[in-house]
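**Q** One structure is given below, represented as structure tokens, and several questions about it will come after.
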Amino acid sequence: MTTTQDLTGWLEQWAEEARLLTATERRGKALTSGKAWAGLASAFGQLAPKDCRGDLYSNHEVSSQVLTRVVGLGHIAEAWARGEDVSVAELAADLEAFACRPLPEIQTWMLLNIVLPPGADIRLGKYRLWAASAEDLRQLQALPRMAAWLPKPALDPDGILAGCTFLAVGDDPAAKHEDGGWHVSFPNLRPERPHADVLVTLQLWDLSISVHPEVFFHVEPGRATTRTWGAPNIEPVYDDRGVEVDELLTTDGYTVSAESLDAFTAFVTAVYSLIEHAKGAKTTIRRSATAATSRLLRATQRTLGGKWVDETEVQDVLLDYVTATEALLATEDVDKSRRTSQRAASLWPADFDRLRVADLVTAAYKHRSNYAHGRDDKALPTFEELEQIRETAFIVFLRWLVCVRQYGDKVGRQLDCGLLSSEIRSEISDLVGRFAQASPTPNHRVVGRFRRSSTDSQNQ
């Protein structure tokens, strides 16, 4: 007989053994200690040798814990015991396909609160950003034909997450495959931190709405999926009699239409490339970019619905924006407030905008100083002021990235000169303009004039 036929034969014998066990025995070692299981494990091992699938072994033997708890054979045994008609032939086909797959890469998947059109699939360095179809999620399952007898997976292809936007990345080599054992783990309260570069990149497309990773998943394609942090925002749908008839996934991020997908792809690809370039520098540029992305991400994660910040968080969010801007523009040890406000202003070509940016950054510094030194903060920044500070911090970051590609670690000096030299100021404006033309965004404030407040508009 071939190994496949062996697998089918041993599964049939194991099914008969499982039906004779008590519920307690099926949950213990008895389920995997009989002759049929030994034959099944041997046949499976011939299809999946240890040098190819070390994730399926414990020491030198096929791990019964992995097959029963992770792959799901324990649940299949329970179904047989209940008298359910589980096809051995289909199970054998699934198990054979599973055994013959290559060792799966351990990945982190993030469910984002933005919406991409169906078919969208974008590569940003090591990251994949795409609208995952039901078929994409189905391919994550170890035994897809057995879905009816297995618990719903964390990423259910028939569930509400099919078609949602995910950001995925391969994990570090130290990450471990699920082994079905019980482990004590400590919750990671900031799982988004390692992904600051790409999340800030996505935020820059539309500054009016915050980009958030809502849920994190540990994913081993074709093997196992586990939700590790967060939960999707699901609301019940009721009919006119008040009876719950459906569920609705709510997202509060921006939507990219099919018509704007090409522009979105070009923009985020260009921005991520700029961040990678800055992070690849062996100077203060790398440290500045790292500090800025970290702080911008921290502030964004505490901004809900794009603009709203809890009153208890306003000062911390303000601190993050000011610190991010300072990290980019004032790498010297002295006169940081003046350097930051003036160099930020130098990134705008028009007189009105330069004066307004300088005043705004100076006011933000004053608020930060009051908070940092424990002074009575009689006037927290209004939501409109905080929104302008937020926009300015992100726009400064993007324009700084554009200038860094041209000037390298001399960018601070060039921005100083731009305040005095119309020629250098024009050169900076041209750099930003060329980037905007090549990678347009619907948020014209990123590359256009600074947004005037409602008070300014009334005074004109």
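Each chain in the structure tokens gets a letter, A, B and so on, in the order shown; residues start at 1 in every chain, and ligands are counted from 1 in the order they appear.
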Pull the closest atom pair for each residue of segment 139-178 of chain A that gets at most 12 Å from segment 192-210 of chain A, along with the distance in Å to one decimal, counting only C-alpha atoms, ordering rows by chain and then ascending residue number, as JSON lines.
**A**
```
{"residue": "A:Phe166", "atom": "CA", "partner": "A:Leu199", "partner_atom": "CA", "distance": 11.8}
{"residue": "A:Leu167", "atom": "CA", "partner": "A:Val198", "partner_atom": "CA", "distance": 9.2}
{"residue": "A:Ala168", "atom": "CA", "partner": "A:His195", "partner_atom": "CA", "distance": 10.2}
{"residue": "A:Val169", "atom": "CA", "partner": "A:His195", "partner_atom": "CA", "distance": 9.2}
{"residue": "A:Gly170", "atom": "CA", "partner": "A:His195", "partner_atom": "CA", "distance": 11.7}
{"residue": "A:Asp171", "atom": "CA", "partner": "A:Pro194", "partner_atom": "CA", "distance": 10.6}
{"residue": "A:Asp172", "atom": "CA", "partner": "A:Pro194", "partner_atom": "CA", "distance": 11.1}
```
**Q** Just the selected residues (N, CA, C and O atoms), exported as a CSV table (one decimal), in the first residue's frame, please.
**A**
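Result file is result-v4.csv:
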```
chain,number,residue,atom,x,y,z
A,166,PHE,N,-6.1,43.8,6.0
A,166,PHE,CA,-5.1,43.3,6.9
A,166,PHE,C,-3.7,43.8,6.5
A,166,PHE,O,-3.5,44.1,5.3
A,167,LEU,N,-2.9,43.9,7.5
A,167,LEU,CA,-1.5,44.2,7.3
A,167,LEU,C,-0.7,43.0,7.9
A,167,LEU,O,-0.9,42.7,9.1
A,168,ALA,N,0.1,42.4,7.1
A,168,ALA,CA,0.8,41.2,7.6
A,168,ALA,C,2.3,41.3,7.4
A,168,ALA,O,2.8,42.0,6.5
A,169,VAL,N,3.0,40.6,8.4
A,169,VAL,CA,4.5,40.7,8.3
A,169,VAL,C,5.0,39.4,8.9
A,169,VAL,O,4.4,38.8,9.8
A,170,GLY,N,6.1,38.8,8.4
A,170,GLY,CA,6.7,37.7,8.9
A,170,GLY,C,7.4,38.0,10.3
A,170,GLY,O,8.0,39.1,10.4
A,171,ASP,N,7.2,37.1,11.3
A,171,ASP,CA,7.8,37.4,12.6
A,171,ASP,C,9.3,37.1,12.6
A,171,ASP,O,9.9,36.5,11.7
A,172,ASP,N,9.9,37.5,13.7
A,172,ASP,CA,11.3,37.2,13.9
A,172,ASP,C,11.6,35.7,14.1
A,172,ASP,O,10.7,35.0,14.4
```
**Q** Contacts of segment 31-36 of chain A at 6 Å or less, counting only C-alpha atoms, minus same-chain residues fewer than 3 places along, as an mmCIF file with N, CA and C atoms, in the first residue's frame?
**A**
```cif
data_model
loop_
_atom_site.group_PDB
_atom_site.id
_atom_site.type_symbol
_atom_site.label_atom_id
_atom_site.label_comp_id
_atom_site.auth_asym_id
_atom_site.auth_seq_id
_atom_site.Cartn_x
_atom_site.Cartn_y
_atom_site.Cartn_z
ATOM 1 N N TRP A 10 -5.342 3.613 8.765
ATOM 2 C CA TRP A 10 -5.125 3.874 10.190
ATOM 3 C C TRP A 10 -6.151 4.848 10.753
ATOM 4 N N GLN A 13 -9.235 2.856 11.617
ATOM 5 C CA GLN A 13 -9.062 2.092 12.861
ATOM 6 C C GLN A 13 -9.078 3.014 14.075
ATOM 7 N N TRP A 14 -8.458 4.180 13.924
ATOM 8 C CA TRP A 14 -8.431 5.116 15.045
ATOM 9 C C TRP A 14 -9.834 5.646 15.353
ATOM 10 N N ARG A 26 -11.104 10.283 26.091
ATOM 11 C CA ARG A 26 -10.809 10.976 24.830
ATOM 12 C C ARG A 26 -10.047 12.286 25.072
ATOM 13 N N GLY A 39 0.146 3.670 14.382
ATOM 14 C CA GLY A 39 0.215 3.473 12.940
ATOM 15 C C GLY A 39 -0.085 4.754 12.179
#
```
**Q** Tell me which protein, DNA and RNA residues are within 12 Å of Thr303 of chain A, counting only C-alpha atoms, leaving out same-chain ones fewer than 6 positions away, and put them as a list in words.
**A**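 Non-adjacent residues within range: Gln203, Leu207, Ser208, Ile209, Ser210, Val211, His212, Asp252, Gly253, Leu296, Leu297, Val309, Asp310, Glu311, Thr312, Glu313, Val314, Asp316, Val317, Leu318, Asp320, Tyr321, Phe383, Leu386, Glu387 and Arg390 of chain A.
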**Q** Can I get the selected residues back with N, CA and C atoms, as a PDB file, in the first residue's frame?
**A**
```pdb
ATOM      1  N   GLN A 203      -1.042  56.404   7.813  1.00  0.00           N
ATOM      2  CA  GLN A 203      -1.719  57.566   8.391  1.00  0.00           C
ATOM      3  C   GLN A 203      -1.567  58.795   7.512  1.00  0.00           C
ATOM      4  N   LEU A 207      -4.943  62.562   7.048  1.00  0.00           N
ATOM      5  CA  LEU A 207      -4.678  62.982   8.417  1.00  0.00           C
ATOM      6  C   LEU A 207      -5.944  63.278   9.206  1.00  0.00           C
ATOM      7  N   SER A 208      -7.100  63.246   8.546  1.00  0.00           N
ATOM      8  CA  SER A 208      -8.337  63.593   9.240  1.00  0.00           C
ATOM      9  C   SER A 208      -8.919  62.424  10.016  1.00  0.00           C
ATOM     10  N   ILE A 209      -8.429  61.210   9.773  1.00  0.00           N
ATOM     11  CA  ILE A 209      -8.980  60.013  10.416  1.00  0.00           C
ATOM     12  C   ILE A 209      -7.821  59.146  10.878  1.00  0.00           C
ATOM     13  N   SER A 210      -7.863  58.728  12.135  1.00  0.00           N
ATOM     14  CA  SER A 210      -6.757  57.949  12.685  1.00  0.00           C
ATOM     15  C   SER A 210      -6.753  56.521  12.156  1.00  0.00           C
ATOM     16  N   VAL A 211      -5.565  56.021  11.868  1.00  0.00           N
ATOM     17  CA  VAL A 211      -5.386  54.627  11.459  1.00  0.00           C
ATOM     18  C   VAL A 211      -5.034  53.802  12.687  1.00  0.00           C
ATOM     19  N   HIS A 212      -5.817  52.761  12.951  1.00  0.00           N
ATOM     20  CA  HIS A 212      -5.586  51.915  14.124  1.00  0.00           C
ATOM     21  C   HIS A 212      -5.549  50.444  13.721  1.00  0.00           C
ATOM     22  N   ASP A 252     -13.880  52.854  11.675  1.00  0.00           N
ATOM     23  CA  ASP A 252     -13.910  54.314  11.738  1.00  0.00           C
ATOM     24  C   ASP A 252     -12.721  54.933  11.020  1.00  0.00           C
ATOM     25  N   GLY A 253     -12.044  54.141  10.175  1.00  0.00           N
ATOM     26  CA  GLY A 253     -10.916  54.660   9.414  1.00  0.00           C
ATOM     27  C   GLY A 253     -11.346  55.145   8.039  1.00  0.00           C
ATOM     28  N   LEU A 296       4.757  59.761  16.910  1.00  0.00           N
ATOM     29  CA  LEU A 296       3.561  59.993  16.096  1.00  0.00           C
ATOM     30  C   LEU A 296       2.589  58.833  16.233  1.00  0.00           C
ATOM     31  N   LEU A 297       3.123  57.622  16.279  1.00  0.00           N
ATOM     32  CA  LEU A 297       2.252  56.455  16.437  1.00  0.00           C
ATOM     33  C   LEU A 297       1.575  56.461  17.801  1.00  0.00           C
ATOM     34  N   VAL A 309      -9.740  63.242  21.328  1.00  0.00           N
ATOM     35  CA  VAL A 309      -8.775  62.782  22.326  1.00  0.00           C
ATOM     36  C   VAL A 309      -9.400  62.983  23.689  1.00  0.00           C
ATOM     37  N   ASP A 310      -9.361  61.954  24.530  1.00  0.00           N
ATOM     38  CA  ASP A 310      -9.880  62.087  25.882  1.00  0.00           C
ATOM     39  C   ASP A 310      -9.159  63.213  26.604  1.00  0.00           C
ATOM     40  N   GLU A 311      -9.913  63.968  27.401  1.00  0.00           N
ATOM     41  CA  GLU A 311      -9.337  65.128  28.076  1.00  0.00           C
ATOM     42  C   GLU A 311      -8.130  64.757  28.933  1.00  0.00           C
ATOM     43  N   THR A 312      -8.162  63.553  29.510  1.00  0.00           N
ATOM     44  CA  THR A 312      -7.031  63.126  30.348  1.00  0.00           C
ATOM     45  C   THR A 312      -5.803  62.781  29.533  1.00  0.00           C
ATOM     46  N   GLU A 313      -5.958  62.642  28.218  1.00  0.00           N
ATOM     47  CA  GLU A 313      -4.848  62.264  27.347  1.00  0.00           C
ATOM     48  C   GLU A 313      -4.293  63.439  26.550  1.00  0.00           C
ATOM     49  N   VAL A 314      -4.993  64.576  26.557  1.00  0.00           N
ATOM     50  CA  VAL A 314      -4.622  65.690  25.687  1.00  0.00           C
ATOM     51  C   VAL A 314      -3.169  66.104  25.895  1.00  0.00           C
ATOM     52  N   ASP A 316      -0.612  64.414  27.148  1.00  0.00           N
ATOM     53  CA  ASP A 316       0.336  63.397  26.691  1.00  0.00           C
ATOM     54  C   ASP A 316       0.418  63.356  25.172  1.00  0.00           C
ATOM     55  N   VAL A 317      -0.731  63.505  24.509  1.00  0.00           N
ATOM     56  CA  VAL A 317      -0.750  63.514  23.046  1.00  0.00           C
ATOM     57  C   VAL A 317       0.011  64.729  22.520  1.00  0.00           C
ATOM     58  N   LEU A 318      -0.229  65.875  23.134  1.00  0.00           N
ATOM     59  CA  LEU A 318       0.508  67.082  22.750  1.00  0.00           C
ATOM     60  C   LEU A 318       2.007  66.874  22.930  1.00  0.00           C
ATOM     61  N   ASP A 320       3.661  64.153  22.749  1.00  0.00           N
ATOM     62  CA  ASP A 320       4.168  63.286  21.682  1.00  0.00           C
ATOM     63  C   ASP A 320       4.395  64.061  20.390  1.00  0.00           C
ATOM     64  N   TYR A 321       3.436  64.913  20.013  1.00  0.00           N
ATOM     65  CA  TYR A 321       3.583  65.663  18.766  1.00  0.00           C
ATOM     66  C   TYR A 321       4.765  66.630  18.822  1.00  0.00           C
ATOM     67  N   PHE A 383      -9.599  71.337  20.843  1.00  0.00           N
ATOM     68  CA  PHE A 383      -9.518  70.251  19.878  1.00  0.00           C
ATOM     69  C   PHE A 383      -9.073  70.762  18.517  1.00  0.00           C
ATOM     70  N   LEU A 386      -5.333  71.289  18.805  1.00  0.00           N
ATOM     71  CA  LEU A 386      -4.647  70.000  18.832  1.00  0.00           C
ATOM     72  C   LEU A 386      -4.662  69.354  17.448  1.00  0.00           C
ATOM     73  N   GLU A 387      -5.768  69.534  16.723  1.00  0.00           N
ATOM     74  CA  GLU A 387      -5.843  68.985  15.364  1.00  0.00           C
ATOM     75  C   GLU A 387      -4.810  69.668  14.467  1.00  0.00           C
ATOM     76  N   ARG A 390      -1.428  68.366  15.378  1.00  0.00           N
ATOM     77  CA  ARG A 390      -1.315  67.005  14.826  1.00  0.00           C
ATOM     78  C   ARG A 390      -0.967  67.051  13.345  1.00  0.00           C
TER      79      ARG A 390
END
```
**Q** In Å to one decimal, how far is atom CA of Ala281 of chain A from atom CA of Arg399 of chain A?
**A**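 Taking atom CA of Arg399 of chain A and atom CA of Ala281 of chain A, their separation equals 17.1 Å.
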**Q** Using only C-alpha atoms for the distances, tell me which of A:Val256, A:Ala23, A:Leu11, A:Arg128 is nearest to Asn113 of chain A.
**A** A:Val256
**Q** Need to verify the contact set: Leu103 of chain A, 10 Å, only C-alpha atoms, exclusion of same-chain residues closer than 5 positions in sequence. Can you return it as an mmCIF file with N, CA, C and O atoms, in the first residue's frame?
**A**
```cif
data_model
loop_
_atom_site.group_PDB
_atom_site.id
_atom_site.type_symbol
_atom_site.label_atom_id
_atom_site.label_comp_id
_atom_site.auth_asym_id
_atom_site.auth_seq_id
_atom_site.Cartn_x
_atom_site.Cartn_y
_atom_site.Cartn_z
ATOM 1 N N ALA A 48 5.424 13.658 6.280
ATOM 2 C CA ALA A 48 5.993 14.899 6.812
ATOM 3 C C ALA A 48 7.221 14.584 7.652
ATOM 4 O O ALA A 48 7.162 14.579 8.880
ATOM 5 N N ASP A 51 12.863 16.636 9.078
ATOM 6 C CA ASP A 51 13.746 17.642 8.480
ATOM 7 C C ASP A 51 12.981 18.644 7.622
ATOM 8 O O ASP A 51 13.505 19.717 7.299
ATOM 9 N N CYS A 52 11.727 18.303 7.251
ATOM 10 C CA CYS A 52 10.891 19.225 6.490
ATOM 11 C C CYS A 52 9.869 19.935 7.378
ATOM 12 O O CYS A 52 9.572 21.107 7.182
ATOM 13 N N ARG A 53 9.314 19.215 8.352
ATOM 14 C CA ARG A 53 8.262 19.762 9.204
ATOM 15 C C ARG A 53 8.589 19.535 10.673
ATOM 16 O O ARG A 53 7.895 18.815 11.388
ATOM 17 N N GLY A 54 9.649 20.166 11.115
ATOM 18 C CA GLY A 54 10.034 20.036 12.518
ATOM 19 C C GLY A 54 8.996 20.564 13.478
ATOM 20 O O GLY A 54 8.975 20.199 14.660
ATOM 21 N N ASP A 55 8.074 21.445 12.996
ATOM 22 C CA ASP A 55 7.017 21.996 13.850
ATOM 23 C C ASP A 55 6.008 20.949 14.282
ATOM 24 O O ASP A 55 5.209 21.193 15.195
ATOM 25 N N LEU A 56 6.022 19.766 13.637
ATOM 26 C CA LEU A 56 5.046 18.715 13.939
ATOM 27 C C LEU A 56 5.616 17.631 14.833
ATOM 28 O O LEU A 56 4.950 16.617 15.068
ATOM 29 N N HIS A 177 6.211 28.113 16.796
ATOM 30 C CA HIS A 177 4.957 27.558 16.299
ATOM 31 C C HIS A 177 4.097 27.091 17.460
ATOM 32 O O HIS A 177 4.600 26.668 18.508
ATOM 33 N N GLU A 220 -0.064 31.083 11.311
ATOM 34 C CA GLU A 220 0.804 30.115 10.649
ATOM 35 C C GLU A 220 -0.002 29.565 9.479
ATOM 36 O O GLU A 220 -0.823 28.668 9.644
ATOM 37 N N PRO A 221 0.168 30.136 8.282
ATOM 38 C CA PRO A 221 -0.686 29.780 7.145
ATOM 39 C C PRO A 221 -0.763 28.275 6.922
ATOM 40 O O PRO A 221 0.245 27.586 6.839
ATOM 41 N N GLY A 222 -2.000 27.783 6.832
ATOM 42 C CA GLY A 222 -2.220 26.362 6.622
ATOM 43 C C GLY A 222 -1.991 25.523 7.855
ATOM 44 O O GLY A 222 -1.969 24.283 7.769
ATOM 45 N N ARG A 223 -1.881 26.167 9.027
ATOM 46 C CA ARG A 223 -1.608 25.404 10.250
ATOM 47 C C ARG A 223 -2.453 25.876 11.430
ATOM 48 O O ARG A 223 -3.189 25.089 12.008
#
```
**Q** With DSSP run on the backbone, what are the alpha helix (DSSP H) residues within segment 153-277 of chain A? I'd like them as a list of chain:residue names.
**A**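 Across segment 153-277 of chain A, those assigned alpha helix (DSSP H) are A:Ala196, A:Asp197, A:Val198, A:Leu199, A:Val200, A:Thr201, A:Leu202, A:Gln203, A:Leu261, A:Asp262, A:Ala263, A:Phe264, A:Thr265, A:Ala266, A:Phe267, A:Val268, A:Thr269, A:Ala270, A:Val271, A:Tyr272, A:Ser273, A:Leu274, A:Ile275, A:Glu276, A:His277.
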**Q** Could the residues in this selection be saved with N, CA, C and O atoms as a short mmCIF file (atom, residue, chain, number, x, y, z; two decimals), in the first residue's frame?
**A**
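Once everything was written out, this is result-v9.cif:
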```cif
data_model
loop_
_atom_site.label_atom_id
_atom_site.label_comp_id
_atom_site.auth_asym_id
_atom_site.auth_seq_id
_atom_site.Cartn_x
_atom_site.Cartn_y
_atom_site.Cartn_z
N ALA A 196 5.67 50.83 13.65
CA ALA A 196 5.44 52.26 13.59
C ALA A 196 5.64 52.82 12.19
O ALA A 196 4.86 53.65 11.72
N ASP A 197 6.68 52.37 11.49
CA ASP A 197 7.00 52.94 10.17
C ASP A 197 5.84 52.78 9.19
O ASP A 197 5.44 53.74 8.52
N VAL A 198 5.31 51.57 9.11
CA VAL A 198 4.26 51.33 8.12
C VAL A 198 2.94 51.95 8.56
O VAL A 198 2.17 52.44 7.72
N LEU A 199 2.65 51.97 9.85
CA LEU A 199 1.39 52.56 10.32
C LEU A 199 1.40 54.08 10.14
O LEU A 199 0.38 54.68 9.77
N VAL A 200 2.54 54.72 10.40
CA VAL A 200 2.64 56.16 10.15
C VAL A 200 2.54 56.45 8.65
O VAL A 200 1.92 57.44 8.23
N THR A 201 3.11 55.57 7.84
CA THR A 201 2.98 55.72 6.39
C THR A 201 1.51 55.74 5.97
O THR A 201 1.07 56.61 5.20
N LEU A 202 0.74 54.78 6.47
CA LEU A 202 -0.68 54.71 6.11
C LEU A 202 -1.45 55.90 6.66
O LEU A 202 -2.41 56.37 6.04
N GLN A 203 -1.04 56.40 7.81
CA GLN A 203 -1.72 57.57 8.39
C GLN A 203 -1.57 58.79 7.51
O GLN A 203 -2.49 59.63 7.40
N LEU A 261 -7.20 53.74 -5.84
CA LEU A 261 -6.27 52.72 -5.36
C LEU A 261 -4.87 52.91 -5.94
O LEU A 261 -3.87 52.77 -5.22
N ASP A 262 -4.77 53.22 -7.23
CA ASP A 262 -3.44 53.40 -7.83
C ASP A 262 -2.70 54.57 -7.19
O ASP A 262 -1.50 54.48 -6.90
N ALA A 263 -3.41 55.67 -6.94
CA ALA A 263 -2.79 56.83 -6.31
C ALA A 263 -2.38 56.49 -4.87
O ALA A 263 -1.29 56.89 -4.42
N PHE A 264 -3.24 55.77 -4.17
CA PHE A 264 -2.93 55.36 -2.80
C PHE A 264 -1.69 54.48 -2.77
O PHE A 264 -0.78 54.67 -1.95
N THR A 265 -1.63 53.53 -3.69
CA THR A 265 -0.48 52.62 -3.76
C THR A 265 0.81 53.38 -4.03
O THR A 265 1.83 53.15 -3.37
N ALA A 266 0.76 54.32 -4.98
CA ALA A 266 1.95 55.10 -5.30
C ALA A 266 2.39 55.95 -4.11
O ALA A 266 3.59 56.04 -3.81
N PHE A 267 1.42 56.54 -3.42
CA PHE A 267 1.75 57.42 -2.30
C PHE A 267 2.38 56.65 -1.15
O PHE A 267 3.46 57.00 -0.67
N VAL A 268 1.72 55.59 -0.68
CA VAL A 268 2.24 54.87 0.49
C VAL A 268 3.55 54.17 0.16
O VAL A 268 4.44 54.04 1.01
N THR A 269 3.71 53.72 -1.09
CA THR A 269 4.97 53.11 -1.49
C THR A 269 6.10 54.12 -1.44
O THR A 269 7.21 53.84 -0.95
N ALA A 270 5.83 55.33 -1.93
CA ALA A 270 6.85 56.38 -1.93
C ALA A 270 7.20 56.82 -0.51
O ALA A 270 8.37 57.00 -0.17
N VAL A 271 6.19 56.98 0.34
CA VAL A 271 6.44 57.42 1.72
C VAL A 271 7.22 56.35 2.48
O VAL A 271 8.18 56.67 3.20
N TYR A 272 6.82 55.10 2.33
CA TYR A 272 7.53 54.04 3.06
C TYR A 272 8.98 53.95 2.61
O TYR A 272 9.88 53.71 3.42
N SER A 273 9.22 54.19 1.32
CA SER A 273 10.59 54.20 0.80
C SER A 273 11.40 55.34 1.43
O SER A 273 12.58 55.16 1.77
N LEU A 274 10.76 56.49 1.62
CA LEU A 274 11.46 57.61 2.26
C LEU A 274 11.82 57.28 3.71
O LEU A 274 12.92 57.61 4.18
N ILE A 275 10.90 56.63 4.42
CA ILE A 275 11.18 56.26 5.81
C ILE A 275 12.30 55.23 5.86
O ILE A 275 13.21 55.33 6.70
N GLU A 276 12.27 54.25 4.97
CA GLU A 276 13.34 53.25 4.94
C GLU A 276 14.68 53.91 4.67
O GLU A 276 15.71 53.53 5.24
N HIS A 277 14.69 54.90 3.77
CA HIS A 277 15.93 55.60 3.46
C HIS A 277 16.46 56.32 4.69
O HIS A 277 17.67 56.26 5.01
#
```
**Q** Can you list, as a PyMOL selection string, every residue of segment 86-223 of chain A that DSSP puts in strand (DSSP E)?
**A** chain A and resi 107-112+121-124+127-131+165-170+213-220
**Q** List as a ChimeraX atom specification the protein and nucleic acid residues near Thr284 of chain A, meaning an atom at most 12 Å away when only C-alpha atoms are counted, but skip any in the same chain fewer than 4 places from it.
**A** /A:278-280,288-291,327-332,404,408-412
**Q** Let me see the file: selected residues, all heavy atoms, as a compact mmCIF listing (two decimals), in the first residue's frame.
**A**
```
# COMPACT_ATOMS: atom_id res chain seq x y z
N ALA A 278 15.57 57.00 5.42
CA ALA A 278 16.00 57.72 6.62
C ALA A 278 16.46 56.75 7.69
O ALA A 278 17.46 57.00 8.38
CB ALA A 278 14.86 58.59 7.14
N LYS A 279 15.76 55.64 7.84
CA LYS A 279 16.13 54.65 8.87
C LYS A 279 17.44 53.93 8.52
O LYS A 279 18.10 53.36 9.39
CB LYS A 279 15.01 53.62 9.04
CG LYS A 279 13.74 54.16 9.68
CD LYS A 279 13.95 54.47 11.14
CE LYS A 279 12.65 54.84 11.83
NZ LYS A 279 11.79 53.70 12.11
N GLY A 280 17.81 53.96 7.23
CA GLY A 280 19.04 53.30 6.81
C GLY A 280 20.27 54.16 6.99
O GLY A 280 21.39 53.69 6.79
N SER A 288 16.57 60.29 14.59
CA SER A 288 15.48 61.26 14.50
C SER A 288 14.22 60.61 13.92
O SER A 288 13.12 60.79 14.44
CB SER A 288 15.89 62.46 13.65
OG SER A 288 16.94 63.19 14.24
N ALA A 289 14.39 59.86 12.83
CA ALA A 289 13.25 59.21 12.19
C ALA A 289 12.61 58.19 13.13
O ALA A 289 11.38 58.07 13.20
CB ALA A 289 13.69 58.54 10.89
N THR A 290 13.44 57.43 13.85
CA THR A 290 12.92 56.42 14.77
C THR A 290 12.12 57.05 15.89
O THR A 290 11.01 56.60 16.23
CB THR A 290 14.08 55.59 15.36
OG1 THR A 290 14.78 54.94 14.30
CG2 THR A 290 13.56 54.55 16.34
N ALA A 291 12.65 58.12 16.48
CA ALA A 291 11.94 58.80 17.56
C ALA A 291 10.64 59.41 17.07
O ALA A 291 9.60 59.35 17.75
CB ALA A 291 12.84 59.88 18.17
N ALA A 327 12.43 66.04 17.65
CA ALA A 327 13.40 65.00 17.30
C ALA A 327 13.89 65.15 15.87
O ALA A 327 15.04 64.82 15.54
CB ALA A 327 12.77 63.62 17.50
N LEU A 328 13.04 65.66 14.99
CA LEU A 328 13.41 65.83 13.59
C LEU A 328 14.25 67.09 13.36
O LEU A 328 15.19 67.08 12.56
CB LEU A 328 12.15 65.92 12.73
CG LEU A 328 11.22 64.71 12.72
CD1 LEU A 328 9.94 65.05 11.97
CD2 LEU A 328 11.90 63.50 12.11
N LEU A 329 13.90 68.16 14.06
CA LEU A 329 14.41 69.48 13.67
C LEU A 329 15.42 70.08 14.64
O LEU A 329 16.09 71.06 14.29
CB LEU A 329 13.23 70.45 13.52
CG LEU A 329 12.17 70.02 12.48
CD1 LEU A 329 11.03 71.01 12.48
CD2 LEU A 329 12.79 69.91 11.10
N ALA A 330 15.52 69.56 15.86
CA ALA A 330 16.44 70.17 16.83
C ALA A 330 17.31 69.09 17.45
O ALA A 330 17.15 68.73 18.62
CB ALA A 330 15.64 70.91 17.90
N THR A 331 18.23 68.59 16.67
CA THR A 331 19.12 67.53 17.16
C THR A 331 20.26 68.08 18.01
O THR A 331 20.95 67.32 18.68
CB THR A 331 19.71 66.74 15.96
OG1 THR A 331 20.36 67.66 15.07
CG2 THR A 331 18.61 66.01 15.22
N GLU A 332 20.46 69.41 17.96
CA GLU A 332 21.47 70.03 18.82
C GLU A 332 20.97 70.08 20.26
O GLU A 332 19.77 69.93 20.52
CB GLU A 332 21.79 71.45 18.33
CG GLU A 332 22.33 71.51 16.90
CD GLU A 332 21.22 71.54 15.85
OE1 GLU A 332 20.05 71.36 16.22
OE2 GLU A 332 21.55 71.75 14.67
N VAL A 404 15.41 65.16 3.54
CA VAL A 404 16.52 64.30 3.96
C VAL A 404 17.08 63.52 2.78
O VAL A 404 18.30 63.31 2.67
CB VAL A 404 16.06 63.33 5.08
CG1 VAL A 404 17.00 62.14 5.22
CG2 VAL A 404 15.97 64.08 6.41
N GLY A 408 20.46 64.90 3.27
CA GLY A 408 21.08 64.03 4.26
C GLY A 408 21.16 64.69 5.62
O GLY A 408 20.23 65.38 6.05
N ASP A 409 22.28 64.52 6.32
CA ASP A 409 22.39 65.06 7.68
C ASP A 409 22.63 66.56 7.70
O ASP A 409 22.79 67.15 8.78
CB ASP A 409 23.49 64.33 8.46
CG ASP A 409 24.85 64.40 7.77
OD1 ASP A 409 24.95 65.09 6.74
OD2 ASP A 409 25.78 63.74 8.26
N LYS A 410 22.62 67.20 6.53
CA LYS A 410 22.73 68.65 6.47
C LYS A 410 21.36 69.32 6.39
O LYS A 410 21.27 70.53 6.14
CB LYS A 410 23.58 69.07 5.28
CG LYS A 410 25.03 68.59 5.35
CD LYS A 410 25.82 69.02 4.13
CE LYS A 410 27.27 68.51 4.21
NZ LYS A 410 28.05 68.89 3.01
N VAL A 411 20.31 68.55 6.59
CA VAL A 411 18.96 69.08 6.41
C VAL A 411 18.67 70.23 7.37
O VAL A 411 18.03 71.23 6.99
CB VAL A 411 17.92 67.95 6.57
CG1 VAL A 411 17.93 67.34 7.97
CG2 VAL A 411 16.52 68.44 6.22
N GLY A 412 19.13 70.14 8.62
CA GLY A 412 18.89 71.23 9.57
C GLY A 412 19.51 72.53 9.11
O GLY A 412 18.89 73.60 9.19
```
**Q** Env of Leu150 of chain A: 10 Å cut, atoms = only C-alpha atoms, seq-sep filter 6 positions within chain, self excluded. Answer as a PyMOL selection string.
**A** chain A and resi 71-76+78-79+143-144
**Q** May I have the residues within 9 Å of Thr8 of chain A as a PyMOL selection string, using only C-alpha atoms and disregarding those fewer than 6 positions away in the same chain?
**A** chain A and resi 40+88-89+91-93
**Q** Given the choices A:Gln5, A:Pro118, A:Gln406, A:Glu61, which gets closest to Ser257 of chain A if the distance is worked out from only C-alpha atoms?
**A**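 Among A:Gln5, A:Pro118, A:Gln406, A:Glu61, it is A:Pro118 that comes nearest to Ser257 of chain A.
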**Q** Which residue is closest to Ser133 of chain A? Choose from A:Val70, A:Ala120, A:Met110, A:Ala162 and count only C-alpha atoms.
**A** A:Ala162
